[in-house]
file coords-v5.cif (mmCIF, N, CA, C and O atoms)
data_work
loop_
_atom_site.label_atom_id
_atom_site.label_comp_id
_atom_site.auth_asym_id
_atom_site.auth_seq_id
_atom_site.Cartn_x
_atom_site.Cartn_y
_atom_site.Cartn_z
N ILE A 3 90.76 122.93 103.15
CA ILE A 3 90.81 124.28 102.60
C ILE A 3 91.80 124.33 101.43
O ILE A 3 91.52 124.92 100.41
N ALA A 4 92.97 123.69 101.59
CA ALA A 4 93.97 123.70 100.51
C ALA A 4 93.41 123.03 99.26
O ALA A 4 93.63 123.52 98.15
N LYS A 5 92.69 121.94 99.45
CA LYS A 5 92.12 121.24 98.31
C LYS A 5 91.09 122.10 97.60
O LYS A 5 91.09 122.21 96.38
N LYS A 6 90.22 122.73 98.36
CA LYS A 6 89.15 123.53 97.77
C LYS A 6 89.68 124.81 97.13
O LYS A 6 89.30 125.15 96.02
N ARG A 7 90.56 125.51 97.81
CA ARG A 7 91.04 126.80 97.30
C ARG A 7 92.13 126.67 96.25
O ARG A 7 92.20 127.46 95.33
N LEU A 8 93.01 125.68 96.41
CA LEU A 8 94.16 125.57 95.52
C LEU A 8 94.11 124.39 94.57
O LEU A 8 94.93 124.27 93.68
N GLY A 9 93.17 123.48 94.81
CA GLY A 9 93.07 122.31 93.96
C GLY A 9 94.18 121.29 94.21
O GLY A 9 94.42 120.43 93.38
N LEU A 10 94.83 121.40 95.36
CA LEU A 10 95.92 120.48 95.68
C LEU A 10 95.36 119.20 96.29
O LEU A 10 94.38 119.24 97.03
N PRO A 11 96.00 118.07 96.00
CA PRO A 11 95.56 116.84 96.67
C PRO A 11 95.94 116.89 98.15
O PRO A 11 96.93 117.51 98.53
N VAL A 12 95.14 116.24 98.96
CA VAL A 12 95.38 116.19 100.40
C VAL A 12 95.75 114.77 100.78
O VAL A 12 95.00 113.83 100.50
N VAL A 13 96.90 114.62 101.40
CA VAL A 13 97.35 113.32 101.87
C VAL A 13 97.30 113.33 103.40
O VAL A 13 97.86 114.22 104.03
N VAL A 14 96.60 112.37 103.96
CA VAL A 14 96.39 112.29 105.40
C VAL A 14 97.44 111.36 105.99
O VAL A 14 97.69 110.28 105.47
N ASP A 15 98.05 111.79 107.10
CA ASP A 15 99.08 111.00 107.79
C ASP A 15 98.59 110.71 109.21
O ASP A 15 99.01 111.36 110.17
N PRO A 16 97.67 109.75 109.36
CA PRO A 16 97.11 109.48 110.68
C PRO A 16 98.11 108.92 111.68
O PRO A 16 97.96 109.12 112.88
N SER A 17 99.13 108.25 111.22
CA SER A 17 100.12 107.67 112.13
C SER A 17 100.86 108.77 112.89
O SER A 17 100.98 108.72 114.11
N HIS A 18 101.36 109.77 112.16
CA HIS A 18 102.10 110.85 112.82
C HIS A 18 101.16 111.82 113.52
O HIS A 18 101.54 112.40 114.54
N ALA A 19 99.97 111.99 113.01
CA ALA A 19 99.02 112.89 113.66
C ALA A 19 98.66 112.38 115.05
O ALA A 19 98.53 113.15 116.00
N ALA A 20 98.51 111.07 115.17
CA ALA A 20 98.09 110.47 116.43
C ALA A 20 99.27 110.20 117.35
O ALA A 20 99.20 110.45 118.55
N GLY A 21 100.33 109.65 116.80
CA GLY A 21 101.46 109.27 117.61
C GLY A 21 101.23 108.00 118.42
O GLY A 21 102.08 107.55 119.16
N SER A 22 100.03 107.43 118.25
CA SER A 22 99.67 106.22 118.97
C SER A 22 98.75 105.38 118.10
O SER A 22 97.79 105.89 117.53
N ARG A 23 99.05 104.09 117.99
CA ARG A 23 98.30 103.24 117.08
C ARG A 23 96.82 103.17 117.42
O ARG A 23 95.99 102.93 116.57
N GLU A 24 96.44 103.41 118.69
CA GLU A 24 95.03 103.31 119.06
C GLU A 24 94.14 104.32 118.33
O GLU A 24 92.94 104.12 118.22
N TRP A 25 94.71 105.40 117.82
CA TRP A 25 93.94 106.43 117.12
C TRP A 25 94.08 106.36 115.60
O TRP A 25 93.37 107.06 114.89
N VAL A 26 94.99 105.56 115.11
CA VAL A 26 95.28 105.55 113.68
C VAL A 26 94.07 105.16 112.84
O VAL A 26 93.76 105.81 111.84
N GLU A 27 93.35 104.12 113.24
CA GLU A 27 92.19 103.70 112.45
C GLU A 27 91.14 104.79 112.36
O GLU A 27 90.66 105.11 111.27
N SER A 28 90.78 105.40 113.47
CA SER A 28 89.76 106.45 113.46
C SER A 28 90.18 107.63 112.60
O SER A 28 89.38 108.16 111.82
N LEU A 29 91.43 108.05 112.73
CA LEU A 29 91.91 109.18 111.93
C LEU A 29 92.00 108.82 110.45
O LEU A 29 91.76 109.67 109.59
N THR A 30 92.34 107.58 110.16
CA THR A 30 92.39 107.12 108.77
C THR A 30 91.01 107.21 108.14
O THR A 30 90.84 107.76 107.04
N LEU A 31 90.02 106.68 108.83
CA LEU A 31 88.65 106.69 108.30
C LEU A 31 88.11 108.11 108.21
O LEU A 31 87.42 108.45 107.24
N ALA A 32 88.44 108.95 109.17
CA ALA A 32 88.02 110.35 109.12
C ALA A 32 88.66 111.06 107.92
O ALA A 32 88.01 111.87 107.25
N GLY A 33 89.92 110.74 107.65
CA GLY A 33 90.60 111.33 106.50
C GLY A 33 89.93 110.97 105.19
O GLY A 33 89.79 111.81 104.29
N ILE A 34 89.48 109.73 105.08
CA ILE A 34 88.74 109.30 103.88
C ILE A 34 87.40 110.04 103.82
O ILE A 34 87.01 110.56 102.79
N ALA A 35 86.69 110.07 104.95
CA ALA A 35 85.36 110.67 104.99
C ALA A 35 85.37 112.15 104.65
O ALA A 35 84.43 112.65 104.04
N CYS A 36 86.45 112.86 105.02
CA CYS A 36 86.46 114.30 104.76
C CYS A 36 87.14 114.66 103.43
O CYS A 36 87.40 115.82 103.18
N GLY A 37 87.40 113.65 102.60
CA GLY A 37 87.86 113.94 101.24
C GLY A 37 89.33 113.78 100.98
O GLY A 37 89.82 114.23 99.93
N GLY A 38 90.06 113.16 101.88
CA GLY A 38 91.49 112.95 101.65
C GLY A 38 91.75 112.19 100.36
O GLY A 38 90.98 111.31 99.98
N ASP A 39 92.84 112.54 99.70
CA ASP A 39 93.19 111.91 98.42
C ASP A 39 94.21 110.79 98.56
O ASP A 39 94.42 110.02 97.63
N GLY A 40 94.86 110.72 99.71
CA GLY A 40 95.86 109.69 99.93
C GLY A 40 96.09 109.50 101.41
O GLY A 40 95.68 110.33 102.23
N LEU A 41 96.72 108.39 101.75
CA LEU A 41 97.00 108.06 103.14
C LEU A 41 98.45 107.65 103.31
O LEU A 41 99.02 107.00 102.43
N LEU A 42 99.02 108.01 104.44
CA LEU A 42 100.34 107.52 104.84
C LEU A 42 100.12 106.81 106.17
O LEU A 42 100.00 107.45 107.21
N VAL A 43 100.00 105.51 106.12
CA VAL A 43 99.77 104.72 107.32
C VAL A 43 101.00 103.87 107.56
O VAL A 43 101.35 103.03 106.74
N GLU A 44 101.65 104.11 108.69
CA GLU A 44 102.84 103.32 109.01
C GLU A 44 102.42 101.92 109.42
O GLU A 44 101.48 101.75 110.19
N THR A 45 103.11 100.93 108.87
CA THR A 45 102.85 99.55 109.23
C THR A 45 104.18 98.87 109.57
O THR A 45 105.25 99.33 109.15
N HIS A 46 104.08 97.80 110.33
CA HIS A 46 105.27 97.03 110.68
C HIS A 46 104.79 95.64 111.08
O HIS A 46 103.74 95.51 111.71
N PRO A 47 105.53 94.58 110.72
CA PRO A 47 105.11 93.24 111.11
C PRO A 47 105.09 93.06 112.64
O PRO A 47 104.28 92.32 113.17
N GLU A 48 105.99 93.75 113.33
CA GLU A 48 106.06 93.69 114.80
C GLU A 48 106.40 95.09 115.32
O GLU A 48 107.56 95.40 115.58
N PRO A 49 105.38 95.94 115.49
CA PRO A 49 105.64 97.32 115.89
C PRO A 49 106.50 97.47 117.15
O PRO A 49 107.29 98.40 117.24
N ALA A 50 106.40 96.54 118.07
CA ALA A 50 107.21 96.63 119.29
C ALA A 50 108.70 96.50 119.00
O ALA A 50 109.53 96.96 119.79
N LYS A 51 109.05 95.91 117.86
CA LYS A 51 110.45 95.74 117.48
C LYS A 51 110.92 96.77 116.45
O LYS A 51 112.07 96.72 116.01
N ALA A 52 110.06 97.69 116.08
CA ALA A 52 110.42 98.69 115.07
C ALA A 52 111.53 99.59 115.60
O ALA A 52 111.55 99.95 116.79
N LEU A 53 112.44 99.96 114.73
CA LEU A 53 113.55 100.83 115.13
C LEU A 53 113.08 102.26 115.37
O LEU A 53 113.71 103.00 116.11
N SER A 54 111.99 102.66 114.72
CA SER A 54 111.42 103.98 114.96
C SER A 54 109.92 103.92 114.70
O SER A 54 109.43 103.08 113.93
N ASP A 55 109.20 104.78 115.35
CA ASP A 55 107.76 104.97 115.14
C ASP A 55 106.91 103.74 115.44
O ASP A 55 105.77 103.65 114.99
N GLY A 56 107.42 102.79 116.18
CA GLY A 56 106.66 101.59 116.52
C GLY A 56 105.34 101.87 117.21
O GLY A 56 104.33 101.25 116.88
N PRO A 57 105.29 102.82 118.16
CA PRO A 57 104.03 103.06 118.87
C PRO A 57 102.89 103.55 117.98
O PRO A 57 101.73 103.41 118.32
N GLN A 58 103.21 104.11 116.82
CA GLN A 58 102.17 104.61 115.93
C GLN A 58 101.97 103.73 114.70
O GLN A 58 101.18 104.06 113.82
N ALA A 59 102.66 102.61 114.64
CA ALA A 59 102.56 101.72 113.48
C ALA A 59 101.45 100.71 113.68
O ALA A 59 101.29 100.13 114.75
N VAL A 60 100.69 100.49 112.62
CA VAL A 60 99.65 99.46 112.60
C VAL A 60 100.34 98.14 112.28
O VAL A 60 101.24 98.09 111.43
N GLU A 61 99.94 97.08 112.95
CA GLU A 61 100.52 95.78 112.62
C GLU A 61 100.19 95.44 111.18
O GLU A 61 99.06 95.60 110.73
N LEU A 62 101.19 94.96 110.47
CA LEU A 62 101.03 94.67 109.05
C LEU A 62 99.86 93.71 108.79
O LEU A 62 99.11 93.89 107.84
N ALA A 63 99.67 92.75 109.66
CA ALA A 63 98.58 91.78 109.50
C ALA A 63 97.20 92.45 109.62
O ALA A 63 96.22 91.93 109.08
N GLU A 64 97.12 93.60 110.27
CA GLU A 64 95.84 94.32 110.44
C GLU A 64 95.55 95.28 109.29
O GLU A 64 94.43 95.78 109.17
N PHE A 65 96.55 95.54 108.46
CA PHE A 65 96.39 96.54 107.40
C PHE A 65 95.31 96.20 106.38
O PHE A 65 94.51 97.08 106.02
N PRO A 66 95.20 94.96 105.91
CA PRO A 66 94.12 94.67 104.95
C PRO A 66 92.72 94.96 105.51
O PRO A 66 91.87 95.47 104.79
N ALA A 67 92.49 94.67 106.78
CA ALA A 67 91.18 94.96 107.38
C ALA A 67 90.94 96.47 107.44
O ALA A 67 89.81 96.93 107.21
N LEU A 68 91.99 97.23 107.75
CA LEU A 68 91.86 98.68 107.76
C LEU A 68 91.51 99.20 106.36
O LEU A 68 90.65 100.06 106.20
N MET A 69 92.16 98.66 105.34
CA MET A 69 91.87 99.09 103.98
C MET A 69 90.45 98.73 103.56
O MET A 69 89.80 99.47 102.82
N GLU A 70 89.93 97.61 104.05
CA GLU A 70 88.55 97.24 103.76
C GLU A 70 87.60 98.25 104.39
O GLU A 70 86.62 98.66 103.77
N LYS A 71 87.89 98.68 105.60
CA LYS A 71 87.07 99.71 106.24
C LYS A 71 87.15 101.02 105.45
O LYS A 71 86.15 101.71 105.29
N CYS A 72 88.35 101.33 104.97
CA CYS A 72 88.52 102.54 104.14
C CYS A 72 87.67 102.45 102.88
O CYS A 72 87.04 103.43 102.48
N ARG A 73 87.66 101.27 102.27
CA ARG A 73 86.86 101.08 101.06
C ARG A 73 85.38 101.33 101.35
O ARG A 73 84.70 102.01 100.59
N ARG A 74 84.90 100.82 102.48
CA ARG A 74 83.49 100.99 102.83
C ARG A 74 83.15 102.45 103.12
O ARG A 74 82.10 102.94 102.71
N VAL A 75 84.05 103.16 103.81
CA VAL A 75 83.82 104.58 104.08
C VAL A 75 83.83 105.36 102.77
O VAL A 75 82.97 106.22 102.54
N ALA A 76 84.78 105.06 101.90
CA ALA A 76 84.84 105.74 100.61
C ALA A 76 83.55 105.53 99.82
O ALA A 76 82.99 106.48 99.26
N LEU A 77 83.06 104.30 99.79
CA LEU A 77 81.80 104.02 99.09
C LEU A 77 80.65 104.80 99.69
O LEU A 77 79.79 105.32 98.97
N ALA A 78 80.60 104.88 101.01
CA ALA A 78 79.53 105.64 101.67
C ALA A 78 79.59 107.12 101.30
O ALA A 78 78.56 107.80 101.30
N MET A 79 80.78 107.60 100.97
CA MET A 79 80.96 109.00 100.59
C MET A 79 80.87 109.20 99.07
O MET A 79 81.14 110.28 98.57
N GLY A 80 80.51 108.14 98.35
CA GLY A 80 80.38 108.25 96.90
C GLY A 80 81.72 108.22 96.18
O GLY A 80 81.83 108.72 95.06
N ARG A 81 82.72 107.63 96.80
CA ARG A 81 84.05 107.55 96.21
C ARG A 81 84.49 106.10 96.15
O ARG A 81 83.86 105.22 96.71
N THR A 82 85.61 105.84 95.50
CA THR A 82 86.20 104.49 95.48
C THR A 82 87.69 104.61 95.76
O THR A 82 88.28 105.67 95.59
N LEU A 83 88.26 103.51 96.21
CA LEU A 83 89.71 103.46 96.38
C LEU A 83 90.32 102.96 95.08
O LEU A 83 89.76 102.10 94.41
N PRO A 84 91.50 103.48 94.71
CA PRO A 84 92.14 102.98 93.50
C PRO A 84 92.52 101.51 93.65
O PRO A 84 92.75 101.02 94.75
N ALA A 85 92.57 100.82 92.54
CA ALA A 85 92.93 99.40 92.53
C ALA A 85 94.28 99.17 93.20
O ALA A 85 94.48 98.17 93.86
N SER A 86 95.20 100.10 93.05
CA SER A 86 96.53 99.93 93.64
C SER A 86 96.45 99.85 95.17
O SER A 86 97.21 99.10 95.79
N ALA A 87 95.54 100.55 95.78
CA ALA A 87 95.37 100.48 97.25
C ALA A 87 94.83 99.13 97.64
O ALA A 87 95.24 98.55 98.64
N ARG A 88 93.92 98.61 96.86
CA ARG A 88 93.34 97.30 97.17
C ARG A 88 94.41 96.22 97.00
O ARG A 88 94.50 95.29 97.78
N LEU A 89 95.26 96.36 95.97
CA LEU A 89 96.32 95.38 95.75
C LEU A 89 97.36 95.43 96.87
O LEU A 89 97.85 94.40 97.31
N ALA A 90 97.70 96.63 97.31
CA ALA A 90 98.67 96.77 98.40
C ALA A 90 98.17 96.09 99.66
O ALA A 90 98.92 95.40 100.35
N ALA A 91 96.90 96.25 99.96
CA ALA A 91 96.33 95.63 101.15
C ALA A 91 96.28 94.10 100.99
O ALA A 91 96.57 93.37 101.94
N ALA A 92 95.98 93.63 99.81
CA ALA A 92 95.92 92.20 99.58
C ALA A 92 97.30 91.56 99.69
O ALA A 92 97.43 90.41 100.09
N ALA A 93 98.35 92.30 99.34
CA ALA A 93 99.71 91.78 99.40
C ALA A 93 100.21 91.58 100.83
O ALA A 93 101.15 90.86 101.06
N CYS A 94 99.55 92.23 101.78
CA CYS A 94 99.97 92.09 103.19
C CYS A 94 99.58 90.75 103.65
O CYS A 94 99.74 90.13 104.49
#
call {"tool": "encode", "arguments": {"input": "coords-v5.cif", "output": "structure tokens"}}
result
Amino acid sequence: IAKKRLGLPVVVDPSHAAGSREWVESLTLAGIACGGDGLLVETHPEPAKALSDGPQAVELAEFPALMEKCRRVALAMGRTLPASARLAAAAC
């Protein structure tokens, strides 16, 4: 609604919305599918050792695969991910 009425970008935060890593992927993909303009996905190399938010953090090694799924959902919706998102995932 904010995007449509106010023209504001929408940034989806699936990590905090879920509070549990088991839901982060689904919420991330849903955020892309419904028109989100950005994502805040918490990652950590070892979530169990994170000082905070470990239960909702995606393992860093899994992040590139999540971004690939995001790319496919975006394409299905007639959108693309910016090159910077693809580079960030490749750097993991």
call {"tool": "axis_aligned_box", "arguments": {"input": "coords-v5.cif", "around": "region 15-25 of chain A", "padding_each_side": "5 Å", "output": "AutoDock Vina command-line options"}}
result
--center_x 97.5 --center_y 108.0 --center_z 113.1 --size_x 19.2 --size_y 20.2 --size_z 22.1
call {"tool": "residues_around", "arguments": {"input": "coords-v5.cif", "residues": "Glu61 (chain A)", "least_positions_apart": "2", "cutoff": "7 Å", "atoms": "all atoms listed in the file", "output": "JSON, numbers by chain"}}
result
{"A": [44, 45, 46, 47, 48, 49, 59, 63, 64, 65, 66]}
call {"tool": "residues_around", "arguments": {"input": "coords-v5.cif", "residues": "Gln58 (chain A)", "least_positions_apart": "4", "cutoff": "8 Å", "atoms": "only N, CA, C and O atoms", "output": "list in words"}}
result
Pro16, Ser17, His18, Ala20, Gly21, Ser22, Arg23, Glu24, Trp25, Val26, Glu27, Leu42, Val43, Glu44, Thr45, His46, Pro49 and Ser54 of chain A
call {"tool": "select_by_dssp", "arguments": {"input": "coords-v5.cif", "residues": "region 12-53 of chain A", "states": "alpha helix (DSSP H)", "output": "VMD selection string"}}
result
chain A and resid 16 to 20 23 to 35
call {"tool": "write_last_selection", "arguments": {"input": "coords-v5.cif", "atoms": "N, CA, C and O atoms", "output": "PDB file, keeping the file's coordinate frame"}}
result
ATOM      1  N   PRO A  16      97.670 109.750 109.360  1.00  0.00           N
ATOM      2  CA  PRO A  16      97.110 109.480 110.680  1.00  0.00           C
ATOM      3  C   PRO A  16      98.110 108.920 111.680  1.00  0.00           C
ATOM      4  O   PRO A  16      97.960 109.120 112.880  1.00  0.00           O
ATOM      5  N   SER A  17      99.130 108.250 111.220  1.00  0.00           N
ATOM      6  CA  SER A  17     100.120 107.670 112.130  1.00  0.00           C
ATOM      7  C   SER A  17     100.860 108.770 112.890  1.00  0.00           C
ATOM      8  O   SER A  17     100.980 108.720 114.110  1.00  0.00           O
ATOM      9  N   HIS A  18     101.360 109.770 112.160  1.00  0.00           N
ATOM     10  CA  HIS A  18     102.100 110.850 112.820  1.00  0.00           C
ATOM     11  C   HIS A  18     101.160 111.820 113.520  1.00  0.00           C
ATOM     12  O   HIS A  18     101.540 112.400 114.540  1.00  0.00           O
ATOM     13  N   ALA A  19      99.970 111.990 113.010  1.00  0.00           N
ATOM     14  CA  ALA A  19      99.020 112.890 113.660  1.00  0.00           C
ATOM     15  C   ALA A  19      98.660 112.380 115.050  1.00  0.00           C
ATOM     16  O   ALA A  19      98.530 113.150 116.000  1.00  0.00           O
ATOM     17  N   ALA A  20      98.510 111.070 115.170  1.00  0.00           N
ATOM     18  CA  ALA A  20      98.090 110.470 116.430  1.00  0.00           C
ATOM     19  C   ALA A  20      99.270 110.200 117.350  1.00  0.00           C
ATOM     20  O   ALA A  20      99.200 110.450 118.550  1.00  0.00           O
ATOM     21  N   ARG A  23      99.050 104.090 117.990  1.00  0.00           N
ATOM     22  CA  ARG A  23      98.300 103.240 117.080  1.00  0.00           C
ATOM     23  C   ARG A  23      96.820 103.170 117.420  1.00  0.00           C
ATOM     24  O   ARG A  23      95.990 102.930 116.570  1.00  0.00           O
ATOM     25  N   GLU A  24      96.440 103.410 118.690  1.00  0.00           N
ATOM     26  CA  GLU A  24      95.030 103.310 119.060  1.00  0.00           C
ATOM     27  C   GLU A  24      94.140 104.320 118.330  1.00  0.00           C
ATOM     28  O   GLU A  24      92.940 104.120 118.220  1.00  0.00           O
ATOM     29  N   TRP A  25      94.710 105.400 117.820  1.00  0.00           N
ATOM     30  CA  TRP A  25      93.940 106.430 117.120  1.00  0.00           C
ATOM     31  C   TRP A  25      94.080 106.360 115.600  1.00  0.00           C
ATOM     32  O   TRP A  25      93.370 107.060 114.890  1.00  0.00           O
ATOM     33  N   VAL A  26      94.990 105.560 115.110  1.00  0.00           N
ATOM     34  CA  VAL A  26      95.280 105.550 113.680  1.00  0.00           C
ATOM     35  C   VAL A  26      94.070 105.160 112.840  1.00  0.00           C
ATOM     36  O   VAL A  26      93.760 105.810 111.840  1.00  0.00           O
ATOM     37  N   GLU A  27      93.350 104.120 113.240  1.00  0.00           N
ATOM     38  CA  GLU A  27      92.190 103.700 112.450  1.00  0.00           C
ATOM     39  C   GLU A  27      91.140 104.790 112.360  1.00  0.00           C
ATOM     40  O   GLU A  27      90.660 105.110 111.270  1.00  0.00           O
ATOM     41  N   SER A  28      90.780 105.400 113.470  1.00  0.00           N
ATOM     42  CA  SER A  28      89.760 106.450 113.460  1.00  0.00           C
ATOM     43  C   SER A  28      90.180 107.630 112.600  1.00  0.00           C
ATOM     44  O   SER A  28      89.380 108.160 111.820  1.00  0.00           O
ATOM     45  N   LEU A  29      91.430 108.050 112.730  1.00  0.00           N
ATOM     46  CA  LEU A  29      91.910 109.180 111.930  1.00  0.00           C
ATOM     47  C   LEU A  29      92.000 108.820 110.450  1.00  0.00           C
ATOM     48  O   LEU A  29      91.760 109.670 109.590  1.00  0.00           O
ATOM     49  N   THR A  30      92.340 107.580 110.160  1.00  0.00           N
ATOM     50  CA  THR A  30      92.390 107.120 108.770  1.00  0.00           C
ATOM     51  C   THR A  30      91.010 107.210 108.140  1.00  0.00           C
ATOM     52  O   THR A  30      90.840 107.760 107.040  1.00  0.00           O
ATOM     53  N   LEU A  31      90.020 106.680 108.830  1.00  0.00           N
ATOM     54  CA  LEU A  31      88.650 106.690 108.300  1.00  0.00           C
ATOM     55  C   LEU A  31      88.110 108.110 108.210  1.00  0.00           C
ATOM     56  O   LEU A  31      87.420 108.450 107.240  1.00  0.00           O
ATOM     57  N   ALA A  32      88.440 108.950 109.170  1.00  0.00           N
ATOM     58  CA  ALA A  32      88.020 110.350 109.120  1.00  0.00           C
ATOM     59  C   ALA A  32      88.660 111.060 107.920  1.00  0.00           C
ATOM     60  O   ALA A  32      88.010 111.870 107.250  1.00  0.00           O
ATOM     61  N   GLY A  33      89.920 110.740 107.650  1.00  0.00           N
ATOM     62  CA  GLY A  33      90.600 111.330 106.500  1.00  0.00           C
ATOM     63  C   GLY A  33      89.930 110.970 105.190  1.00  0.00           C
ATOM     64  O   GLY A  33      89.790 111.810 104.290  1.00  0.00           O
ATOM     65  N   ILE A  34      89.480 109.730 105.080  1.00  0.00           N
ATOM     66  CA  ILE A  34      88.740 109.300 103.880  1.00  0.00           C
ATOM     67  C   ILE A  34      87.400 110.040 103.820  1.00  0.00           C
ATOM     68  O   ILE A  34      87.010 110.560 102.790  1.00  0.00           O
ATOM     69  N   ALA A  35      86.690 110.070 104.950  1.00  0.00           N
ATOM     70  CA  ALA A  35      85.360 110.670 104.990  1.00  0.00           C
ATOM     71  C   ALA A  35      85.370 112.150 104.650  1.00  0.00           C
ATOM     72  O   ALA A  35      84.430 112.650 104.040  1.00  0.00           O
TER      73      ALA A  35
END
call {"tool": "select_by_dssp", "arguments": {"input": "coords-v5.cif", "residues": "region 12-94 of chain A", "states": "strand (DSSP E or B)", "output": "number ranges by chain"}}
result
A: 13-14, 40-41, 45-46, 60-61
call {"tool": "residues_around", "arguments": {"input": "coords-v5.cif", "residues": "Ile34 (chain A)", "least_positions_apart": "3", "cutoff": "7 Å", "atoms": "all atoms listed in the file", "output": "number ranges by chain"}}
result
A: 28-31, 37-40, 72, 75-76, 79
call {"tool": "atom_distance", "arguments": {"input": "coords-v5.cif", "atom1": "CA of Ala78 (chain A)", "atom2": "CA of Ala35 (chain A)"}}
result
8.4 Å
call {"tool": "decode", "arguments": {"input": "coords-v5.cif", "residues": "region 55-66 of chain A", "atoms": "N, CA, C and O atoms", "output": "mmCIF file, in the first residue's frame"}}
result
data_model
loop_
_atom_site.group_PDB
_atom_site.id
_atom_site.type_symbol
_atom_site.label_atom_id
_atom_site.label_comp_id
_atom_site.auth_asym_id
_atom_site.auth_seq_id
_atom_site.Cartn_x
_atom_site.Cartn_y
_atom_site.Cartn_z
ATOM 1 N N ASP A 55 20.646 -12.636 17.168
ATOM 2 C CA ASP A 55 19.808 -12.980 16.019
ATOM 3 C C ASP A 55 20.215 -14.260 15.294
ATOM 4 O O ASP A 55 19.833 -14.471 14.148
ATOM 5 N N GLY A 56 20.972 -15.117 15.925
ATOM 6 C CA GLY A 56 21.389 -16.371 15.300
ATOM 7 C C GLY A 56 20.240 -17.240 14.825
ATOM 8 O O GLY A 56 20.299 -17.794 13.724
ATOM 9 N N PRO A 57 19.157 -17.371 15.613
ATOM 10 C CA PRO A 57 18.062 -18.245 15.181
ATOM 11 C C PRO A 57 17.374 -17.812 13.890
ATOM 12 O O PRO A 57 16.750 -18.617 13.217
ATOM 13 N N GLN A 58 17.502 -16.547 13.527
ATOM 14 C CA GLN A 58 16.852 -16.069 12.307
ATOM 15 C C GLN A 58 17.846 -15.802 11.174
ATOM 16 O O GLN A 58 17.462 -15.331 10.112
ATOM 17 N N ALA A 59 19.103 -16.126 11.394
ATOM 18 C CA ALA A 59 20.133 -15.882 10.380
ATOM 19 C C ALA A 59 20.265 -17.079 9.448
ATOM 20 O O ALA A 59 20.268 -18.224 9.882
ATOM 21 N N VAL A 60 20.387 -16.780 8.166
ATOM 22 C CA VAL A 60 20.648 -17.794 7.149
ATOM 23 C C VAL A 60 22.149 -18.058 7.153
ATOM 24 O O VAL A 60 22.946 -17.123 7.269
ATOM 25 N N GLU A 61 22.530 -19.310 7.033
ATOM 26 C CA GLU A 61 23.965 -19.604 6.961
ATOM 27 C C GLU A 61 24.544 -18.931 5.723
ATOM 28 O O GLU A 61 23.961 -18.997 4.641
ATOM 29 N N LEU A 62 25.675 -18.299 5.897
ATOM 30 C CA LEU A 62 26.300 -17.549 4.812
ATOM 31 C C LEU A 62 26.509 -18.416 3.571
ATOM 32 O O LEU A 62 26.295 -17.958 2.448
ATOM 33 N N ALA A 63 26.862 -19.661 3.762
ATOM 34 C CA ALA A 63 27.090 -20.567 2.625
ATOM 35 C C ALA A 63 25.807 -20.833 1.838
ATOM 36 O O ALA A 63 25.870 -21.173 0.656
ATOM 37 N N GLU A 64 24.640 -20.648 2.454
ATOM 38 C CA GLU A 64 23.354 -20.880 1.784
ATOM 39 C C GLU A 64 22.837 -19.637 1.063
ATOM 40 O O GLU A 64 21.895 -19.729 0.278
ATOM 41 N N PHE A 65 23.443 -18.491 1.336
ATOM 42 C CA PHE A 65 22.938 -17.233 0.779
ATOM 43 C C PHE A 65 22.968 -17.177 -0.750
ATOM 44 O O PHE A 65 21.984 -16.742 -1.358
ATOM 45 N N PRO A 66 24.034 -17.619 -1.415
ATOM 46 C CA PRO A 66 24.009 -17.564 -2.889
ATOM 47 C C PRO A 66 22.854 -18.366 -3.497
ATOM 48 O O PRO A 66 22.242 -17.918 -4.465
#
